[in-house]
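Asks: Next comes the structure file model.txt, holding compact mmCIF, C-alpha atoms and all ligand atoms.
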# COMPACT_ATOMS: atom_id res chain seq x y z
CA MET A 1 115.31 -36.29 -24.45
CA ARG A 2 112.54 -34.10 -23.20
CA LEU A 3 111.64 -36.66 -20.60
CA SER A 4 115.10 -37.02 -19.10
CA ARG A 5 115.77 -33.30 -18.97
CA ALA A 6 112.51 -32.68 -17.21
CA LEU A 7 113.35 -35.33 -14.66
CA LEU A 8 116.60 -33.58 -13.84
CA THR A 9 114.84 -30.29 -13.21
CA VAL A 10 114.51 -29.44 -9.54
CA PRO A 11 110.86 -28.62 -8.81
CA ALA A 12 111.56 -25.44 -6.86
CA ALA A 13 107.93 -24.37 -7.10
CA ALA A 14 106.56 -27.40 -5.30
CA LEU A 15 105.46 -27.16 -1.70
CA ILE A 16 103.22 -29.13 0.56
CA LEU A 17 101.36 -27.37 3.31
CA ALA A 18 99.13 -28.80 5.96
CA LEU A 19 95.47 -27.91 5.53
CA PRO A 20 94.64 -24.94 7.71
CA ALA A 21 92.85 -25.84 10.92
CA VAL A 22 90.63 -22.79 10.61
CA ALA A 23 87.37 -23.34 8.77
CA TYR A 24 87.55 -20.38 6.45
CA ALA A 25 89.42 -19.12 3.46
CA ASP A 26 90.91 -15.81 2.46
CA GLU A 27 88.10 -14.45 0.33
CA SER A 28 86.19 -11.40 -0.79
CA VAL A 29 82.40 -11.09 -0.73
CA GLN A 30 80.27 -8.74 -2.82
CA VAL A 31 77.25 -6.91 -1.43
CA GLN A 32 74.65 -5.19 -3.64
CA LEU A 33 73.12 -2.30 -1.72
CA GLN A 34 69.46 -1.90 -2.63
CA ASP A 35 67.36 1.10 -1.90
CA LEU A 36 65.11 0.98 1.15
CA ASN A 37 62.34 3.44 2.02
CA GLU A 38 62.21 4.61 -1.61
CA THR A 39 65.39 6.63 -1.26
CA GLY A 40 66.50 5.59 -4.74
CA ALA A 41 69.96 5.07 -3.26
CA THR A 42 72.02 2.11 -4.47
CA GLY A 43 75.56 0.91 -4.09
CA THR A 44 78.05 -1.89 -3.84
CA ALA A 45 80.26 -3.05 -1.03
CA THR A 46 83.15 -5.50 -0.84
CA LEU A 47 84.19 -7.24 2.35
CA THR A 48 87.59 -8.90 2.08
CA ALA A 49 88.92 -11.24 4.73
CA THR A 50 92.71 -11.05 4.60
CA SER A 51 94.99 -13.94 5.55
CA GLY A 52 95.87 -12.09 8.77
CA GLY A 53 92.21 -12.17 9.80
CA ASP A 54 91.61 -8.46 9.19
CA LEU A 55 88.51 -7.27 7.34
CA LYS A 56 88.84 -4.77 4.51
CA VAL A 57 85.58 -2.92 3.86
CA MET A 58 84.87 -0.90 0.72
CA VAL A 59 81.56 0.87 0.14
CA ARG A 60 80.42 2.96 -2.83
CA SER A 61 76.88 4.28 -2.90
CA LYS A 62 74.95 6.99 -4.70
CA GLY A 63 71.63 8.73 -4.24
CA MET A 64 72.29 9.26 -0.53
CA THR A 65 71.13 12.41 1.32
CA PRO A 66 73.76 14.94 0.14
CA ASN A 67 76.21 16.61 2.52
CA SER A 68 74.91 14.44 5.36
CA PRO A 69 76.47 11.76 7.53
CA HIS A 70 75.21 8.22 7.04
CA ALA A 71 75.46 5.79 9.92
CA GLN A 72 76.41 2.43 8.40
CA HIS A 73 76.73 -0.96 9.96
CA VAL A 74 77.34 -4.59 9.27
CA HIS A 75 74.19 -6.23 10.65
CA GLY A 76 73.43 -9.85 11.47
CA ALA A 77 75.03 -12.48 13.65
CA ALA A 78 77.78 -15.10 13.61
CA ASN A 79 75.63 -17.84 15.14
CA GLY A 80 74.00 -19.06 11.94
CA MET A 81 70.87 -16.91 12.36
CA ASP A 82 69.28 -16.28 8.99
CA PHE A 83 68.71 -12.53 8.74
CA HIS A 84 67.54 -10.75 5.60
CA CYS A 85 67.12 -7.26 4.27
CA PRO A 86 63.58 -6.06 5.07
CA ASP A 87 60.92 -5.16 2.56
CA LYS A 88 57.92 -2.86 3.01
CA SER A 89 56.13 -5.47 5.13
CA ALA A 90 58.55 -4.69 7.98
CA ASP A 91 56.83 -1.29 8.42
CA ALA A 92 54.92 -2.41 11.52
CA ASN A 93 53.49 0.99 12.47
CA GLY A 94 52.37 1.65 8.89
CA ASN A 95 53.85 5.16 8.64
CA GLY A 96 55.20 4.27 5.22
CA TYR A 97 58.79 3.94 6.40
CA VAL A 98 60.73 0.96 7.69
CA SER A 99 62.50 2.34 10.75
CA THR A 100 65.73 0.97 12.18
CA GLU A 101 63.83 -0.75 15.01
CA GLU A 102 61.35 -2.30 12.59
CA GLY A 103 64.24 -3.42 10.36
CA LEU A 104 66.28 -4.93 13.19
CA LYS A 105 63.95 -7.95 13.39
CA MET A 106 64.75 -8.69 9.76
CA TYR A 107 68.40 -7.68 9.40
CA GLY A 108 69.61 -8.39 12.90
CA ASP A 109 71.43 -6.27 15.43
CA ILE A 110 74.41 -4.03 14.72
CA PHE A 111 77.40 -6.37 14.36
CA ILE A 112 80.08 -3.87 13.32
CA SER A 113 79.80 -0.07 13.15
CA LEU A 114 81.49 1.11 9.95
CA THR A 115 82.96 4.29 11.38
CA THR A 116 85.73 6.27 9.66
CA THR A 117 88.01 6.26 12.74
CA GLY A 118 88.15 4.78 16.22
CA ASP A 119 85.80 2.24 17.75
CA THR A 120 83.84 -0.07 15.45
CA THR A 121 81.66 -1.85 18.00
CA LYS A 122 77.89 -1.62 18.34
CA ALA A 123 78.50 1.18 20.89
CA SER A 124 79.51 3.48 18.00
CA GLY A 125 76.33 2.70 16.06
CA LEU A 126 75.07 6.27 16.21
CA ALA A 127 78.43 8.06 16.33
CA VAL A 128 77.45 10.24 13.34
CA ASP A 129 80.52 12.46 13.81
CA ARG A 130 82.63 9.42 12.86
CA MET A 131 80.34 8.15 10.09
CA PRO A 132 81.04 8.81 6.39
CA LYS A 133 79.34 11.78 4.75
CA ALA A 134 77.79 11.82 1.31
CA ASP A 135 79.13 14.55 -0.96
CA ALA A 136 77.05 17.34 -2.55
CA LYS A 137 75.91 14.91 -5.26
CA GLY A 138 74.86 12.25 -2.76
CA ASN A 139 77.81 9.95 -3.47
CA LEU A 140 79.34 8.14 -0.56
CA SER A 141 82.71 6.43 -0.58
CA TYR A 142 84.16 4.49 2.33
CA GLU A 143 87.22 2.33 2.87
CA ARG A 144 88.60 0.94 6.06
CA THR A 145 90.51 -2.14 7.22
CA ILE A 146 89.33 -3.34 10.60
CA PRO A 147 92.05 -5.27 12.47
CA ALA A 148 91.31 -8.87 13.44
CA ALA A 149 91.46 -7.99 17.13
CA ASP A 150 88.57 -5.51 16.75
CA LEU A 151 86.23 -7.90 14.91
CA PRO A 152 83.48 -9.78 16.77
CA LYS A 153 84.17 -13.50 17.09
CA GLY A 154 83.09 -15.44 13.99
CA THR A 155 83.08 -12.44 11.61
CA VAL A 156 85.26 -14.02 8.94
CA GLU A 157 83.74 -17.50 9.25
CA HIS A 158 80.22 -16.06 8.85
CA LEU A 159 81.04 -13.29 6.39
CA LYS A 160 78.47 -14.62 3.91
CA ASP A 161 75.67 -14.50 6.53
CA LEU A 162 76.16 -10.80 7.26
CA HIS A 163 74.75 -7.75 5.52
CA LEU A 164 75.26 -4.07 5.30
CA VAL A 165 72.83 -1.27 6.13
CA GLN A 166 73.30 2.44 5.51
CA HIS A 167 71.06 4.85 7.40
CA GLY A 168 69.88 8.40 6.82
CA ILE A 169 66.98 9.41 4.57
CA ASP A 170 65.46 12.73 3.59
CA ALA A 171 61.75 11.87 3.60
CA ASN A 172 60.51 15.44 3.15
CA LYS A 173 63.23 16.28 0.62
CA ASN A 174 64.38 19.45 2.37
CA GLY A 175 68.05 18.52 2.17
CA THR A 176 68.57 17.78 5.84
CA TYR A 177 67.57 15.42 8.65
CA ASP A 178 64.83 17.13 10.65
CA MET A 179 62.18 16.35 13.26
CA GLU A 180 59.36 17.75 11.09
CA ALA A 181 59.58 14.90 8.60
CA LEU A 182 59.19 11.72 10.67
CA GLY A 183 59.61 12.91 14.24
CA GLU A 184 62.23 11.84 16.72
CA SER A 185 64.17 8.60 16.35
CA THR A 186 62.75 6.20 18.88
CA PHE A 187 65.71 3.94 18.09
CA ALA A 188 68.20 6.62 19.14
CA LYS A 189 66.07 7.30 22.21
CA SER A 190 66.08 3.60 23.09
CA VAL A 191 69.88 3.64 23.27
CA GLY A 192 69.87 6.81 25.34
CA VAL A 193 70.37 9.50 22.71
CA ASN A 194 67.66 12.13 22.64
CA GLY A 195 66.82 14.68 19.96
CA ILE A 196 67.91 12.67 16.91
CA PRO A 197 65.50 12.90 13.95
CA ALA A 198 64.08 9.58 12.72
CA GLU A 199 65.31 10.62 9.26
CA ALA A 200 68.91 10.26 10.50
CA THR A 201 68.46 6.68 11.64
CA ASP A 202 65.94 5.20 9.19
CA PRO A 203 67.67 2.84 6.75
CA ALA A 204 68.49 4.13 3.26
CA THR A 205 70.03 1.01 1.75
CA CYS A 206 70.44 -2.63 2.71
CA GLY A 207 72.48 -5.28 0.98
CA MET A 208 73.06 -8.98 1.40
CA VAL A 209 76.02 -10.96 0.12
CA SER A 210 75.36 -11.79 -3.54
CA GLY A 211 78.73 -13.08 -4.68
CA ALA A 212 82.21 -14.09 -3.61
CA ALA A 213 85.68 -14.13 -5.14
CA ALA A 214 89.24 -15.10 -4.26
CA GLY A 215 90.78 -12.84 -1.61
CA SER A 216 94.17 -12.86 -3.36
CA VAL A 217 94.67 -13.55 -7.04
CA PRO A 218 97.74 -15.51 -8.18
CA ALA A 219 99.88 -14.08 -10.99
CA GLY A 220 99.60 -15.84 -14.36
CA GLY A 221 99.05 -19.53 -14.99
CA VAL A 222 99.69 -22.55 -12.77
CA ALA A 223 102.79 -24.80 -13.13
CA THR A 224 100.92 -28.10 -12.83
CA GLY A 225 103.22 -30.34 -14.81
CA ASP A 226 106.90 -30.98 -15.55
CA GLY A 227 106.66 -32.83 -18.85
CA SER A 228 107.94 -36.01 -17.24
CA THR A 229 105.39 -38.24 -19.00
CA SER A 230 104.05 -37.99 -22.53
CA GLY A 231 100.51 -37.08 -23.44
CA GLY A 232 97.95 -35.84 -20.98
CA SER A 233 95.02 -33.45 -20.89
CA PRO A 234 94.05 -33.61 -24.58
CA MET A 235 91.30 -31.14 -25.26
CA MET A 236 88.14 -31.47 -27.29
CA MET A 237 88.62 -27.95 -28.51
CA TYR A 238 91.52 -25.55 -28.24
CA THR A 239 90.45 -22.09 -27.16
CA VAL A 240 92.26 -18.81 -26.67
CA GLY A 241 90.31 -16.19 -24.81
CA GLY A 242 87.17 -18.19 -25.43
CA ILE A 243 87.62 -18.30 -29.23
CA ALA A 244 87.89 -21.75 -30.72
CA LEU A 245 90.99 -22.12 -32.87
CA LEU A 246 90.20 -25.60 -34.07
CA GLY A 247 86.85 -26.63 -35.38
CA ALA A 248 85.22 -29.83 -34.16
CA ALA A 249 86.81 -31.79 -37.01
CA GLY A 250 90.29 -30.43 -36.21
CA ALA A 251 89.84 -31.29 -32.57
CA VAL A 252 88.96 -34.87 -33.40
CA VAL A 253 92.12 -35.19 -35.49
CA ALA A 254 94.19 -33.68 -32.68
CA ARG A 255 92.72 -36.09 -30.17
CA ARG A 256 93.36 -39.07 -32.40
CA ARG A 257 96.96 -38.00 -32.86
CA LEU A 258 97.47 -37.69 -29.11
CA ALA A 259 95.87 -41.06 -28.58
CA VAL A 260 98.28 -42.63 -31.05
CA GLU A 261 101.30 -40.92 -29.45
CA ARG A 262 100.50 -42.66 -26.24
CA MET B 1 76.92 -24.56 2.03
CA ALA B 2 78.86 -23.10 4.93
CA SER B 3 82.64 -22.80 4.53
CA SER B 4 84.67 -25.94 5.18
CA PRO B 5 88.05 -26.89 3.66
CA PRO B 6 88.14 -29.79 1.17
CA VAL B 7 89.85 -33.08 2.09
CA ARG B 8 89.33 -35.23 -1.04
CA VAL B 9 88.27 -34.73 -4.66
CA SER B 10 86.89 -37.48 -6.90
CA ILE B 11 86.03 -37.45 -10.59
CA PRO B 12 84.20 -40.75 -11.25
CA SER B 13 84.18 -40.43 -15.07
CA LEU B 14 88.01 -40.18 -15.08
CA ARG B 15 88.37 -42.77 -12.29
CA ALA B 16 90.40 -40.11 -10.49
CA THR B 17 90.46 -39.45 -6.76
CA ALA B 18 93.00 -37.60 -4.62
CA ALA B 19 93.71 -36.23 -1.19
CA ILE B 20 93.82 -32.45 -0.91
CA VAL B 21 96.81 -30.38 0.22
CA ALA B 22 96.79 -26.62 0.82
CA LEU B 23 98.27 -24.20 -1.73
CA GLY B 24 99.23 -20.59 -1.14
CA LEU B 25 101.24 -18.13 -3.20
CA GLN B 26 104.92 -18.33 -4.10
CA ALA B 27 107.24 -15.37 -3.56
CA ASP B 28 106.78 -14.38 -7.23
CA GLY B 29 103.00 -14.25 -6.82
CA ALA B 30 102.25 -17.46 -8.72
CA MET B 31 100.19 -20.22 -7.16
CA GLN B 32 102.05 -23.00 -5.35
CA VAL B 33 101.61 -26.52 -6.72
CA PRO B 34 101.53 -29.90 -4.94
CA ASP B 35 104.83 -31.76 -4.57
CA SER B 36 103.39 -35.05 -5.72
CA ALA B 37 101.69 -36.31 -8.86
CA ALA B 38 98.89 -37.80 -6.79
CA ASP B 39 97.88 -34.88 -4.54
CA VAL B 40 95.54 -32.13 -5.63
CA GLY B 41 95.93 -28.70 -4.04
CA TRP B 42 93.26 -26.31 -2.79
CA PHE B 43 94.12 -22.62 -3.18
CA THR B 44 93.47 -21.32 0.35
CA LYS B 45 93.10 -17.67 -0.69
CA ALA B 46 89.75 -18.35 -2.34
CA PRO B 47 86.44 -19.78 -1.07
CA THR B 48 86.09 -23.39 0.09
CA PRO B 49 84.34 -25.80 -2.35
CA GLY B 50 80.57 -25.76 -1.80
CA ALA B 51 80.48 -22.24 -0.34
CA LEU B 52 79.50 -19.17 -2.38
CA GLY B 53 82.26 -18.12 -4.80
CA PRO B 54 84.96 -19.83 -6.87
CA ALA B 55 86.91 -22.64 -5.17
CA VAL B 56 90.14 -23.49 -6.99
CA LEU B 57 91.84 -26.92 -7.11
CA ALA B 58 95.10 -27.49 -8.99
CA GLY B 59 96.69 -30.83 -9.83
CA HIS B 60 99.55 -32.03 -12.02
CA VAL B 61 99.17 -33.53 -15.46
CA ASN B 62 102.49 -35.24 -14.70
CA TRP B 63 105.18 -34.83 -12.06
CA LYS B 64 108.53 -36.51 -11.50
CA GLY B 65 107.89 -39.21 -14.05
CA ARG B 66 104.38 -40.09 -12.92
CA ARG B 67 101.04 -39.31 -14.44
CA GLY B 68 99.18 -36.85 -12.27
CA THR B 69 95.65 -37.18 -10.89
CA PHE B 70 94.56 -34.57 -13.45
CA PHE B 71 96.31 -36.34 -16.39
CA ASP B 72 93.01 -36.73 -18.26
CA LEU B 73 91.36 -33.51 -17.06
CA GLY B 74 91.03 -32.15 -20.60
CA LYS B 75 88.88 -35.14 -21.52
CA LEU B 76 86.26 -34.25 -18.93
CA SER B 77 82.92 -33.56 -20.59
CA VAL B 78 80.29 -30.96 -19.82
CA GLY B 79 77.76 -32.43 -17.39
CA ALA B 80 80.28 -34.74 -15.71
CA GLY B 81 80.28 -34.91 -11.91
CA ILE B 82 83.00 -33.88 -9.47
CA THR B 83 82.68 -34.76 -5.79
CA VAL B 84 84.47 -32.91 -3.00
CA ASN B 85 84.53 -34.30 0.54
CA ARG B 86 84.93 -31.59 3.14
CA GLN B 87 86.51 -31.36 6.58
CA ASP B 88 83.09 -30.96 8.28
CA GLY B 89 82.00 -34.34 6.88
CA SER B 90 79.74 -32.86 4.22
CA THR B 91 79.99 -33.57 0.49
CA ALA B 92 79.73 -31.03 -2.31
CA MET B 93 78.78 -32.40 -5.75
CA PHE B 94 79.57 -30.29 -8.78
CA THR B 95 78.61 -30.50 -12.45
CA VAL B 96 81.08 -29.49 -15.17
CA SER B 97 79.83 -26.48 -17.17
CA LYS B 98 82.82 -26.01 -19.50
CA VAL B 99 86.38 -27.14 -20.18
CA GLU B 100 88.84 -24.71 -21.72
CA GLN B 101 92.53 -24.47 -22.56
CA TYR B 102 94.43 -21.18 -22.40
CA PRO B 103 98.04 -20.18 -22.99
CA LYS B 104 99.51 -19.37 -19.56
CA ASP B 105 100.33 -15.84 -20.72
CA HIS B 106 96.61 -15.35 -21.43
CA PHE B 107 95.36 -16.97 -18.24
CA PRO B 108 91.70 -15.91 -17.65
CA THR B 109 92.34 -14.57 -14.14
CA ASP B 110 88.97 -12.84 -13.69
CA GLU B 111 86.97 -15.79 -14.90
CA VAL B 112 88.81 -18.23 -12.65
CA TYR B 113 89.21 -16.18 -9.46
CA GLY B 114 86.57 -13.43 -9.87
CA ALA B 115 83.23 -13.13 -8.12
CA THR B 116 80.48 -15.65 -8.81
CA ASP B 117 76.87 -15.57 -7.58
CA HIS B 118 76.91 -19.33 -6.95
CA ALA B 119 79.14 -22.00 -5.41
CA ALA B 120 81.66 -22.62 -8.19
CA LEU B 121 84.62 -24.94 -8.65
CA ARG B 122 87.63 -24.61 -10.96
CA LEU B 123 90.06 -27.46 -11.63
CA ILE B 124 93.39 -26.49 -13.15
CA THR B 125 96.15 -28.55 -14.76
CA CYS B 126 98.64 -28.14 -17.59
CA GLY B 127 98.10 -28.76 -21.26
CA GLY B 128 99.39 -27.98 -24.73
CA GLN B 129 103.03 -28.15 -25.75
CA PHE B 130 105.80 -28.65 -23.23
CA ASP B 131 108.34 -25.85 -23.64
CA ASP B 132 111.84 -27.33 -23.26
CA THR B 133 113.33 -23.89 -22.68
CA THR B 134 111.09 -22.85 -19.78
CA GLN B 135 110.51 -26.44 -18.62
CA HIS B 136 106.82 -25.65 -18.41
CA TYR B 137 103.73 -26.47 -20.41
CA ARG B 138 102.56 -23.54 -22.50
CA ASP B 139 98.89 -23.89 -21.55
CA ASN B 140 96.55 -24.48 -18.66
CA VAL B 141 93.45 -26.65 -18.93
CA ILE B 142 90.65 -25.23 -16.79
CA VAL B 143 87.46 -27.04 -15.84
CA TYR B 144 84.59 -24.84 -14.69
CA ALA B 145 81.87 -26.45 -12.55
CA ARG B 146 78.97 -25.36 -10.37
CA LEU B 147 77.44 -26.89 -7.24
CA ALA B 148 74.64 -29.31 -8.08
CA HIS B 149 73.99 -31.08 -4.76
CA ALA B 150 75.06 -30.64 -1.17
CA HIS B 151 75.06 -33.55 1.26
CA ALA B 152 75.20 -32.63 4.93
CA ALA B 153 77.56 -34.44 7.27
CU CU A 301 72.52 -0.23 10.80
As structure tokens, how would this structure be written, given the file I've shared?
Ligand SMILES: [Cu+2]
Replies:
Amino acid sequence: MRLSRALLTVPAAALILALPAVAYADESVQVQLQDLNETGATGTATLTATSGGDLKVMVRSKGMTPNSPHAQHVHGAANGMDFHCPDKSADANGNGYVSTEEGLKMYGDIFISLTTTGDTTKASGLAVDRMPKADAKGNLSYERTIPAADLPKGTVEHLKDLHLVQHGIDANKNGTYDMEALGESTFAKSVGVNGIPAEATDPATCGMVSGAAAGSVPAGGVATGDGSTSGGSPMMMYTVGGIALLGAAGAVVARRRLAVER
Amino acid sequence: MASSPPVRVSIPSLRATAAIVALGLQADGAMQVPDSAADVGWFTKAPTPGALGPAVLAGHVNWKGRRGTFFDLGKLSVGAGITVNRQDGSTAMFTVSKVEQYPKDHFPTDEVYGATDHAALRLITCGGQFDDTTQHYRDNVIVYARLAHAHAA
């Protein structure tokens, strides 16, 4: 009875698709932003590759220099280079701070500039007028979807090799970026911008990809069966929300019964 | 491992092996399913097997009068091996960490699709009672596994 009715049912849900030629999936990666240069700042970021090839970026950090802009970038490369977040040992000149130039050897060049509007290329790396600002409490919140056309080649394929760096520290704790603290930014100077304090460009946080999840989550369960044969998938233990309903003894009985049915 | 789509899945302890087809979402937001008892589907909106994050494969317990590749999935024991061959020629070998059965209306969405800090694999099929009214099984059987070995191409 059950068998025949199931056989008559049209499997409307079924579909066969060709495997995608592209070597990546629609997925979301998690980045834990760790404090650099003893800023005490921390945060999380999520980079989601959408099926259209766009990249949705979400950043939440705290302990940032309040009321100040924070240049932030995706660093690294899409050529398989193995970059990492730097530790104290990257402080080559021994001034006690890992500068952007010192860090670049470890975390790679600017790959994407996480500006609030407009251009997102390396050219906007120091466009502080278009960088997110921390609020009075030092919290920074950023969200932007960067269209596929604006992403460097290989971004989505190498999402898990990239990392995120937020810049801007207040070394002398006077509430602003100033020359007195650490002098002029030689990094800014090297790209042709004079008069930028090193405090504005020194990294505050850095985070590497620490986890990944599905990019889109299906609704509910999965219709992987039409009842057209008897038996199947007997369980050792029946659980609901992780709680066992049947004890081991009950499960054995249930299994035996299923085995007999077949 | 770097990302690469799966082409075949094998579960030696169940003597099960199947080619992989791609699965997306249906109009109602549910996951698509393969249109054959033999094929196993890879959900393309999640990581590829072997790469960081949860890769999701779904296969039928039965379909159109035939036993599906995942007919015995619920019998899989903790520690059992699952092998996934990938498009780039590499092989990802997983070890089962747990097998659970959930009513479909209590599907553990976060646990299956949520972030993991390792390369994870989830195998999904149907289980429990078949509901004659809805023409669906009431439950899903879910196998959770993690990457144990990676073999380069
Ligand atoms: Cu940067």
Asks: Which neighbours of Thr91 in chain B fall inside 8 Å, counting only C-alpha atoms, when residues of the same chain fewer than 6 positions from it are skipped, and could you give them as a ChimeraX atom specification?
Replies: /B:83-85,150-153
Asks: Using all atoms listed in the file, find each residue with an atom at most 6 Å away from ligand CU 301 (chain A) and format the answer as JSON, numbers by chain.
Replies: {"A": [72, 73, 110, 165, 166]}
Asks: So that I can check the surroundings of Val99 in chain B, please list as JSON, numbers by chain every protein, DNA and RNA residue that reaches within 8 Å of it, counting all atoms listed in the file and ignoring chain neighbours fewer than 3 positions away.
Replies: {"B": [74, 76, 77, 78, 96, 141, 142, 143, 144]}
Asks: What is the distance between CA of Val7 in chain B and CA of Ala46 in chain B, in Å to one decimal?
Replies: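 Rounded to one decimal, the two atoms are 15.4 Å apart.
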Asks: Using only C-alpha atoms, collect all residues at a distance of at most 12 Å from (76.7, -32.1, -2.6) as written in the file, then present them as a list of chain:residue names.
Replies: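 Answer for this query, in the requested form: B:Met1, B:Ala2, B:Pro49, B:Gly50, B:Ala51, B:Gly81, B:Ile82, B:Thr83, B:Val84, B:Asn85, B:Arg86, B:Gly89, B:Ser90, B:Thr91, B:Ala92, B:Met93, B:Phe94, B:Thr95, B:Ala119, B:Arg146, B:Leu147, B:Ala148, B:His149, B:Ala150, B:His151, B:Ala152, B:Ala153.
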Asks: Could you tell me how far CA of Glu101 in chain A lies from CA of Phe187 in chain A, in Å and to one decimal?
Replies: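 Straight-line distance from CA of Glu101 in chain A to CA of Phe187 in chain A works out to 5.9 Å.
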Asks: My list of candidates is A:Glu157, A:Leu114, A:Phe83, A:Thr201. Which is closest to Ala188 in chain A when distances are computed with all atoms listed in the file?
Replies: A:Thr201
Asks: Record the distance separating CA of Met64 in chain A and CA of Thr50 in chain A, expressed in Å with one decimal.
Replies: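 Atom-to-atom, CA of Met64 in chain A to CA of Thr50 in chain A, that is 29.3 Å.
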Asks: Got a sec: who's within 8 Å of range 25-34 of chain A, counting all atoms listed in the file, leaving out chain neighbours fewer than 2 positions off, as a VMD selection string?
Replies: (chain A and resid 23 36 41 to 51 61 159 to 160 163 to 165 205 to 216) or (chain B and resid 3 5 44 to 48 115)
Asks: So, counting all atoms listed in the file, which residue among B:Gly79, B:Gly29, B:Pro6, B:Gly127 is closest to Lys98 in chain B?
Replies: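 Closest to Lys98 in chain B, using all atoms listed in the file: B:Gly79.
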Asks: So which residues are close to (64.4, -2.7, 3.1), meaning at most 10 Å away in the file's coordinates with only C-alpha atoms counted, and can you show them as a PyMOL selection string?
Replies: chain A and resi 33-38+84-91+97-100+102-103+106-107+165+203-207
Asks: Place N, CA and C atoms on range 99-111 of chain A and deliver the coordinates as a PDB file, in the coordinates of the input.
Replies:
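Saved result, result37.pdb, follows:
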ATOM      1  N   SER A  99      61.536   1.703   9.852  1.00  0.00           N
ATOM      2  CA  SER A  99      62.500   2.340  10.750  1.00  0.00           C
ATOM      3  C   SER A  99      63.601   1.343  11.104  1.00  0.00           C
ATOM      4  N   THR A 100      64.629   1.846  11.769  1.00  0.00           N
ATOM      5  CA  THR A 100      65.730   0.970  12.180  1.00  0.00           C
ATOM      6  C   THR A 100      65.224  -0.119  13.129  1.00  0.00           C
ATOM      7  N   GLU A 101      64.357   0.257  14.069  1.00  0.00           N
ATOM      8  CA  GLU A 101      63.830  -0.750  15.010  1.00  0.00           C
ATOM      9  C   GLU A 101      63.006  -1.808  14.285  1.00  0.00           C
ATOM     10  N   GLU A 102      62.178  -1.353  13.345  1.00  0.00           N
ATOM     11  CA  GLU A 102      61.350  -2.300  12.590  1.00  0.00           C
ATOM     12  C   GLU A 102      62.241  -3.226  11.748  1.00  0.00           C
ATOM     13  N   GLY A 103      63.327  -2.647  11.198  1.00  0.00           N
ATOM     14  CA  GLY A 103      64.240  -3.420  10.360  1.00  0.00           C
ATOM     15  C   GLY A 103      65.071  -4.426  11.133  1.00  0.00           C
ATOM     16  N   LEU A 104      65.388  -4.086  12.379  1.00  0.00           N
ATOM     17  CA  LEU A 104      66.280  -4.930  13.190  1.00  0.00           C
ATOM     18  C   LEU A 104      65.808  -6.386  13.275  1.00  0.00           C
ATOM     19  N   LYS A 105      64.485  -6.585  13.297  1.00  0.00           N
ATOM     20  CA  LYS A 105      63.950  -7.950  13.390  1.00  0.00           C
ATOM     21  C   LYS A 105      64.334  -8.747  12.150  1.00  0.00           C
ATOM     22  N   MET A 106      64.419  -8.039  11.022  1.00  0.00           N
ATOM     23  CA  MET A 106      64.750  -8.690   9.760  1.00  0.00           C
ATOM     24  C   MET A 106      66.262  -8.785   9.529  1.00  0.00           C
ATOM     25  N   TYR A 107      66.969  -7.663   9.753  1.00  0.00           N
ATOM     26  CA  TYR A 107      68.400  -7.680   9.400  1.00  0.00           C
ATOM     27  C   TYR A 107      69.326  -7.881  10.593  1.00  0.00           C
ATOM     28  N   GLY A 108      68.755  -8.079  11.752  1.00  0.00           N
ATOM     29  CA  GLY A 108      69.610  -8.390  12.900  1.00  0.00           C
ATOM     30  C   GLY A 108      70.228  -7.161  13.524  1.00  0.00           C
ATOM     31  N   ASP A 109      70.852  -7.365  14.660  1.00  0.00           N
ATOM     32  CA  ASP A 109      71.430  -6.270  15.430  1.00  0.00           C
ATOM     33  C   ASP A 109      72.692  -5.734  14.730  1.00  0.00           C
ATOM     34  N   ILE A 110      73.149  -4.584  15.221  1.00  0.00           N
ATOM     35  CA  ILE A 110      74.410  -4.030  14.720  1.00  0.00           C
ATOM     36  C   ILE A 110      75.539  -4.977  15.117  1.00  0.00           C
ATOM     37  N   PHE A 111      76.300  -5.419  14.124  1.00  0.00           N
ATOM     38  CA  PHE A 111      77.400  -6.370  14.360  1.00  0.00           C
ATOM     39  C   PHE A 111      78.731  -5.620  14.372  1.00  0.00           C
TER      40      PHE A 111
END
